[in-house]
Amino acid sequence: MTATPHQQRPVPGGPWLQLVTVTIGFAINFWAWALVSPLGPLFSPDKEQLPAAAYDKQLSYLPFSDGQPLSASQASLMVAVPVVVGSIGRIPVGALTDKYGGRAMFPLVSAITIIPVLAIGFFALNSFVALLIFGVLLGIGGTTFAIGVPFVNAWFPPEQRGMAVGVFGAGMGGTAISALTTVAIFKSAGQSVPFVIVAIALAVYAVVAWFVLRDAPGRVAPSAPLVQRLVATAKLPITWQAGVLYTVGFGGYVAFSVFLPLYLKNAYALSAADAANKMAGFVVIAVIMRPVGGTLADKIGSVRVLAACFALVAVCAAIAAGEPPLRGFGTPVFLVMAAALGAASGATFALIAEATDPARVGGVTGLVGAAGGLGGFVPPLVMAYIYSETSSYAVGMWLLAICSALTLLLTLTVVRRTALTRSTAQEVSA
């Protein structure tokens with residue numbers, strides 16, 4: 001594959017200014033991407049678990065014209081649709097970032113995301129179908145992950161890429177901002193207000209990013225057609241291996257971040273606001289641990305960090321299957337799981353930086369990011385179906401424990417060999 005050098009003027013501020021700028025943009029876009037999730041419990045109150053007065057009070061917040069609450073399955077679909085679109089969209093967006101650079105793609109995607117945010121805030125809340133349609137477009141905000149990873153990766157030397165990509169990944173804390181603010185603003189200030197606030201933030205960021213962001217010096221733009229590059233990237237062993245790791249690591253985080261409010265409401269009878277706050281705590285821990293996982297991967301190796309993380313997730317999921325009381329050891333179990341999922345997400349992209357040609361990082365990131373996002377789309381639907389049939393989430397938790405144990409085995413065998421092969425090849429080349 002031939003490539004042409006990307007010419008540009010000197011960049012003021014250097015790598016850290018670029019990293020901070022894209023991290024803020026990632027957080028804002030993820031804030032937009034997660035706007036619908038905290039509203040799930042509010043749109044789907046459980047009449048059997050609430051006194052009549054409280055149920056009527058929750059219904060007063062329902063925006064749908066027919067005045068009927070959503071079923072658990074409908075609410076799960078509502079919060080999952082932006083996830084799957086944001087995940088699949090990372091594949092072409094990652095490849096386009098390799099071609100045109102993050103400097104052009106980040107402000108463009110941020111500006112486009114304003115459209116569905118305002119559409120939902122002013123029009124789609126009157127119709128479940130409209131909410132699903134614009135939820136599809138809202139998924140565009142989730143594609144910024146595939147822009148930021150290759151952008152940041154190009155700015156830092158190999159020994160710092162795990163740390164740098166981990167710091168950028170902490171921008172997924174935008175989901176925590178949404179969890180902490182959306183329901184409160186929705187109730188107190190009006191249904192459209194949280195969406196207007198996010199739209200303004202996106203607009204301001206798009207302008208700032210256009211003037212501040214610059215692609216790394218020496219970046220090369222691939223000349224091969226998009227489809228050809230995607231096919232070649234999909235054939236790389238590291239692509240499918242990291243895709244599996246990210247499906248469990250980041251997919252598990254996404255699944256919990258979008259479904260935890262509904263899970264806590266149904267399993268522990270928490271209010272919508274209380275469930276959203278606890279979900280925010282889960283997200284904050286995962287966000288903090290993402291750069292920690294990337295930094296540890298730089299220091300002791302990504303395979304070791306990933307193995308430890310998936311072992312912890314397997315144990316915690318098995319314990320959570322028994323629905324331990326939150327006031328006992330239930331809360332620590334969920335927080336440890338959040339920490340392990342966050343660290344695994346950071347370590348996965350440290351692995352990609354180790355085992356991938358820099359010119360292909362965007363394409364690999366897009367495919368791996370799509371796998372991770374899809375990993376967060378399926379579990380909420382499965383968990384909702386299992387709960388509707390059994391009134392229990394135990395089966396879903398056991399499935400997570402089994403998947404984590406199998407991923408641990410993959411990490412210690414196939415992934416370890418891939419990492420060692422790439423490391424040996426780099427040493428020989430040097």
# chains A, B, ... in the order shown; residues from 1 in each chain; ligands from 1
>>> residues_around(residues="stretch 289-304 of chain A", least_positions_apart="2", cutoff="9 Å", atoms="only C-alpha atoms", output="ChimeraX atom specification")
/A:158-170,284-287,306-309,338-351,354,411-412,415-416,419
>>> select_by_dssp(residues="stretch 152-242 of chain A", states="helix (DSSP H, G or I)", output="PyMOL selection string")
chain A and resi 152-155+158-188+193-212+226-234+237-242
>>> atom_distance(atom1="atom CA of A:Thr143", atom2="atom CA of A:Arg90")
4.7 Å
>>> closest_residue(among="A:Met78, A:Val152, A:Val212, A:Ala280", to="A:Ala130", atoms="only C-alpha atoms")
A:Met78
>>> closest_residue(among="A:Leu131, A:Ile402, A:Ile185, A:Ile200", to="A:Ala32", atoms="only C-alpha atoms")
A:Ile200
>>> closest_residue(among="A:Ala216, A:Ala119, A:Ala199, A:Ile114", to="A:Leu17", atoms="only C-alpha atoms")
A:Ala216
